[in-house]
file input06.cif (mmCIF, C-alpha atoms; chains and numbers go by the auth columns)
data_final
loop_
_atom_site.group_PDB
_atom_site.id
_atom_site.type_symbol
_atom_site.label_atom_id
_atom_site.label_comp_id
_atom_site.label_asym_id
_atom_site.label_seq_id
_atom_site.Cartn_x
_atom_site.Cartn_y
_atom_site.Cartn_z
_atom_site.B_iso_or_equiv
_atom_site.auth_seq_id
_atom_site.auth_asym_id
ATOM 1 C CA MET A 1 60.828 0.068 74.238 0.00 1 A
ATOM 2 C CA LYS A 2 59.845 3.724 74.057 0.00 2 A
ATOM 3 C CA ASN A 3 56.229 2.843 74.809 0.00 3 A
ATOM 4 C CA ILE A 4 57.203 0.821 77.871 0.00 4 A
ATOM 5 C CA PHE A 5 59.204 3.736 79.272 0.00 5 A
ATOM 6 C CA PHE A 6 56.327 6.119 78.611 0.00 6 A
ATOM 7 C CA ILE A 7 53.888 3.769 80.368 0.00 7 A
ATOM 8 C CA VAL A 8 56.173 3.491 83.409 0.00 8 A
ATOM 9 C CA VAL A 9 56.466 7.279 83.647 0.00 9 A
ATOM 10 C CA LEU A 10 52.717 7.654 83.190 0.00 10 A
ATOM 11 C CA LEU A 11 52.033 5.136 85.953 0.00 11 A
ATOM 12 C CA LEU A 12 54.420 6.982 88.263 0.00 12 A
ATOM 13 C CA LEU A 13 52.656 10.255 87.539 0.00 13 A
ATOM 14 C CA ILE A 14 49.207 8.728 88.057 0.00 14 A
ATOM 15 C CA ASN A 15 50.300 7.107 91.289 0.00 15 A
ATOM 16 C CA CYS A 16 51.654 10.399 92.587 0.00 16 A
ATOM 17 C CA SER A 17 48.628 12.381 91.448 0.00 17 A
ATOM 18 C CA ASN A 18 46.235 10.040 93.247 0.00 18 A
ATOM 19 C CA SER A 19 47.861 10.636 96.618 0.00 19 A
ATOM 20 C CA VAL A 20 49.089 14.200 96.167 0.00 20 A
ATOM 21 C CA LYS A 21 47.329 17.537 95.991 0.00 21 A
ATOM 22 C CA LYS A 22 48.650 19.520 92.996 0.00 22 A
ATOM 23 C CA SER A 23 50.748 22.578 93.803 0.00 23 A
ATOM 24 C CA ASN A 24 54.389 23.576 93.487 0.00 24 A
ATOM 25 C CA ASN A 25 55.392 21.878 96.730 0.00 25 A
ATOM 26 C CA VAL A 26 53.039 19.155 97.867 0.00 26 A
ATOM 27 C CA SER A 27 52.535 17.857 101.365 0.00 27 A
ATOM 28 C CA VAL A 28 50.928 14.497 102.025 0.00 28 A
ATOM 29 C CA ASN A 29 49.921 14.014 105.651 0.00 29 A
ATOM 30 C CA GLY A 30 52.638 16.503 106.586 0.00 30 A
ATOM 31 C CA SER A 31 55.458 14.062 105.795 0.00 31 A
ATOM 32 C CA CYS A 32 56.110 14.295 102.047 0.00 32 A
ATOM 33 C CA VAL A 33 57.046 17.515 100.303 0.00 33 A
ATOM 34 C CA GLU A 34 57.505 17.000 96.560 0.00 34 A
ATOM 35 C CA ASN A 35 58.717 19.766 94.257 0.00 35 A
ATOM 36 C CA LEU A 36 56.561 19.294 91.160 0.00 36 A
ATOM 37 C CA ASP A 37 58.571 21.808 89.112 0.00 37 A
ATOM 38 C CA PHE A 38 61.686 19.723 89.699 0.00 38 A
ATOM 39 C CA LYS A 39 59.790 16.525 88.932 0.00 39 A
ATOM 40 C CA ALA A 40 58.621 17.905 85.582 0.00 40 A
ATOM 41 C CA GLU A 41 62.129 19.008 84.588 0.00 41 A
ATOM 42 C CA TYR A 42 63.753 15.754 85.742 0.00 42 A
ATOM 43 C CA PHE A 43 61.337 13.562 83.781 0.00 43 A
ATOM 44 C CA ARG A 44 61.491 15.924 80.772 0.00 44 A
ATOM 45 C CA SER A 45 65.270 15.406 80.760 0.00 45 A
ATOM 46 C CA ILE A 46 64.842 11.630 80.901 0.00 46 A
ATOM 47 C CA GLN A 47 62.402 11.870 77.979 0.00 47 A
ATOM 48 C CA THR A 48 64.934 13.946 76.018 0.00 48 A
ATOM 49 C CA VAL A 49 67.500 11.170 76.430 0.00 49 A
ATOM 50 C CA GLU A 50 64.869 8.597 75.397 0.00 50 A
ATOM 51 C CA ASN A 51 64.101 10.640 72.267 0.00 51 A
ATOM 52 C CA TYR A 52 67.779 10.600 71.321 0.00 52 A
ATOM 53 C CA PHE A 53 67.561 6.875 70.546 0.00 53 A
ATOM 54 C CA SER A 54 64.667 7.358 68.147 0.00 54 A
ATOM 55 C CA GLN A 55 66.645 10.198 66.509 0.00 55 A
ATOM 56 C CA GLN A 56 64.052 12.757 67.556 0.00 56 A
ATOM 57 C CA GLU A 57 66.545 14.720 69.656 0.00 57 A
ATOM 58 C CA SER A 58 69.922 16.233 68.874 0.00 58 A
ATOM 59 C CA PRO A 59 73.082 15.007 70.592 0.00 59 A
ATOM 60 C CA GLU A 60 73.604 18.497 72.044 0.00 60 A
ATOM 61 C CA LYS A 61 70.202 18.600 73.773 0.00 61 A
ATOM 62 C CA THR A 62 70.705 15.035 74.924 0.00 62 A
ATOM 63 C CA TYR A 63 74.062 15.904 76.463 0.00 63 A
ATOM 64 C CA ASP A 64 72.492 18.906 78.238 0.00 64 A
ATOM 65 C CA ALA A 65 69.759 16.626 79.604 0.00 65 A
ATOM 66 C CA LEU A 66 72.378 14.142 80.805 0.00 66 A
ATOM 67 C CA LYS A 67 74.306 16.955 82.531 0.00 67 A
ATOM 68 C CA PHE A 68 71.114 18.017 84.334 0.00 68 A
ATOM 69 C CA ILE A 69 70.354 14.463 85.461 0.00 69 A
ATOM 70 C CA ALA A 70 73.979 13.993 86.572 0.00 70 A
ATOM 71 C CA LYS A 71 73.596 16.798 89.114 0.00 71 A
ATOM 72 C CA TYR A 72 71.297 14.484 91.066 0.00 72 A
ATOM 73 C CA SER A 73 71.937 10.857 90.119 0.00 73 A
ATOM 74 C CA LYS A 74 74.535 8.691 88.363 0.00 74 A
ATOM 75 C CA VAL A 75 75.136 9.113 84.625 0.00 75 A
ATOM 76 C CA SER A 76 77.738 6.824 83.060 0.00 76 A
ATOM 77 C CA PHE A 77 79.578 9.461 81.019 0.00 77 A
ATOM 78 C CA GLU A 78 82.617 7.179 80.859 0.00 78 A
ATOM 79 C CA ASP A 79 80.645 4.919 78.493 0.00 79 A
ATOM 80 C CA MET A 80 80.505 7.831 76.039 0.00 80 A
ATOM 81 C CA LEU A 81 84.271 7.649 75.594 0.00 81 A
ATOM 82 C CA ASN A 82 83.870 5.683 72.390 0.00 82 A
ATOM 83 C CA TYR A 83 84.914 6.554 68.861 0.00 83 A
ATOM 84 C CA ALA A 84 81.528 8.031 67.943 0.00 84 A
ATOM 85 C CA ARG A 85 81.091 9.788 71.340 0.00 85 A
ATOM 86 C CA THR A 86 77.610 8.351 71.616 0.00 86 A
ATOM 87 C CA TYR A 87 75.610 7.321 74.656 0.00 87 A
ATOM 88 C CA PRO A 88 75.031 3.558 74.306 0.00 88 A
ATOM 89 C CA TYR A 89 71.480 2.301 74.650 0.00 89 A
ATOM 90 C CA ALA A 90 72.482 -0.466 77.088 0.00 90 A
ATOM 91 C CA THR A 91 74.077 2.179 79.311 0.00 91 A
ATOM 92 C CA TYR A 92 70.914 4.276 79.088 0.00 92 A
ATOM 93 C CA GLU A 93 68.754 1.360 80.211 0.00 93 A
ATOM 94 C CA LYS A 94 71.009 0.737 83.218 0.00 94 A
ATOM 95 C CA ASP A 95 71.263 4.434 84.111 0.00 95 A
ATOM 96 C CA ARG A 96 67.529 5.064 83.654 0.00 96 A
ATOM 97 C CA LYS A 97 66.718 2.421 86.237 0.00 97 A
ATOM 98 C CA GLY A 98 68.996 4.225 88.699 0.00 98 A
ATOM 99 C CA TRP A 99 67.468 7.609 87.829 0.00 99 A
ATOM 100 C CA LEU A 100 63.947 6.378 88.543 0.00 100 A
ATOM 101 C CA GLU A 101 65.039 4.683 91.773 0.00 101 A
ATOM 102 C CA TRP A 102 66.825 7.862 92.885 0.00 102 A
ATOM 103 C CA TYR A 103 63.728 9.955 92.243 0.00 103 A
ATOM 104 C CA GLU A 104 61.431 7.574 94.110 0.00 104 A
ATOM 105 C CA LYS A 105 63.787 7.535 97.086 0.00 105 A
ATOM 106 C CA ASN A 106 64.206 11.336 97.192 0.00 106 A
ATOM 107 C CA LYS A 107 60.939 12.790 95.901 0.00 107 A
ATOM 108 C CA CYS A 108 59.564 13.623 99.360 0.00 108 A
ATOM 109 C CA ASN A 109 62.624 15.721 100.251 0.00 109 A
ATOM 110 C CA ASN A 110 61.456 18.838 98.352 0.00 110 A
ATOM 111 C CA ILE A 111 64.344 18.504 95.867 0.00 111 A
ATOM 112 C CA GLN A 112 65.692 21.892 94.834 0.00 112 A
ATOM 113 C CA PHE A 113 67.429 22.831 91.581 0.00 113 A
ATOM 114 C CA LYS A 114 71.219 22.976 91.855 0.00 114 A
ATOM 115 C CA LYS A 115 72.965 25.949 90.259 0.00 115 A
ATOM 116 C CA LYS A 116 75.890 24.152 88.562 0.00 116 A
#
call {"tool": "encode", "arguments": {"input": "input06.cif", "output": "structure tokens"}}
result
Amino acid sequence: MKNIFFIVVLLLLINCSNSVKKSNNVSVNGSCVENLDFKAEYFRSIQTVENYFSQQESPEKTYDALKFIAKYSKVSFEDMLNYARTYPYATYEKDRKGWLEWYEKNKCNNIQFKKK
């Protein structure tokens, strides 16, 4: 499962790099402005959550990554209200799909980092 996620992210990055000139804010034909710093942080946070399930990441870092993602797209924190206070894998799979869809829909809007 981890390899599939990594392949999807890699394909997204390759697709974007083929049509986009690398810089902090990228313009494609004057209509798409993508903040590559934001993109890197957003996908790094998704990878942190992915690493949590293979026990390569601490729950604290995972929670911080989820809080960052939640500033921009839906995170099902209510599913963490279980006895162990864990983030269920099935919830992650559902949320991840929404995160990727959100990014694809908004990437050309020069997404800026939110303070809190």
call {"tool": "resolve_selection", "arguments": {"input": "input06.cif", "expression": "the PyMOL selection byres ((chain A and resi 98) around 12)", "output": "PyMOL selection string"}}
result
chain A and resi 46+69-70+72-76+91-97+99-105
call {"tool": "atom_distance", "arguments": {"input": "input06.cif", "atom1": "CA of Glu50 in chain A", "atom2": "CA of Ala90 in chain A"}}
result
12.0 Å
call {"tool": "atom_distance", "arguments": {"input": "input06.cif", "atom1": "CA of Val33 in chain A", "atom2": "CA of Lys107 in chain A"}}
result
7.5 Å
call {"tool": "atom_distance", "arguments": {"input": "input06.cif", "atom1": "CA of Glu78 in chain A", "atom2": "CA of Lys115 in chain A"}}
result
23.1 Å
call {"tool": "axis_aligned_box", "arguments": {"input": "input06.cif", "around": "range 50-63 of chain A", "padding_each_side": "5 Å", "output": "AutoDock Vina command-line options"}}
result
--center_x 69.1 --center_y 12.7 --center_z 71.5 --size_x 20.0 --size_y 21.7 --size_z 20.0
call {"tool": "closest_residue", "arguments": {"input": "input06.cif", "among": "A:Asn82, A:Thr62, A:Asn106, A:Pro88", "to": "Cys32 in chain A", "atoms": "all atoms listed in the file"}}
result
A:Asn106
call {"tool": "resolve_selection", "arguments": {"input": "input06.cif", "expression": "the PyMOL selection byres ((chain A and resi 111) around 9)", "output": "ChimeraX atom specification"}}
result
/A:33-35,38-39,106-110,112-113
call {"tool": "residues_near_point", "arguments": {"input": "input06.cif", "point": "(69.7, 16.7, 83.8)", "cutoff": "9 Å", "atoms": "all atoms listed in the file", "output": "PyMOL selection string"}}
result
chain A and resi 41-46+63-73
call {"tool": "write_last_selection", "arguments": {"input": "input06.cif", "atoms": "C-alpha atoms", "output": "compact mmCIF listing (two decimals), keeping the file's coordinate frame"}}
result
# COMPACT_ATOMS: atom_id res chain seq x y z
CA GLU A 41 62.13 19.01 84.59
CA TYR A 42 63.75 15.75 85.74
CA PHE A 43 61.34 13.56 83.78
CA ARG A 44 61.49 15.92 80.77
CA SER A 45 65.27 15.41 80.76
CA ILE A 46 64.84 11.63 80.90
CA TYR A 63 74.06 15.90 76.46
CA ASP A 64 72.49 18.91 78.24
CA ALA A 65 69.76 16.63 79.60
CA LEU A 66 72.38 14.14 80.81
CA LYS A 67 74.31 16.95 82.53
CA PHE A 68 71.11 18.02 84.33
CA ILE A 69 70.35 14.46 85.46
CA ALA A 70 73.98 13.99 86.57
CA LYS A 71 73.60 16.80 89.11
CA TYR A 72 71.30 14.48 91.07
CA SER A 73 71.94 10.86 90.12
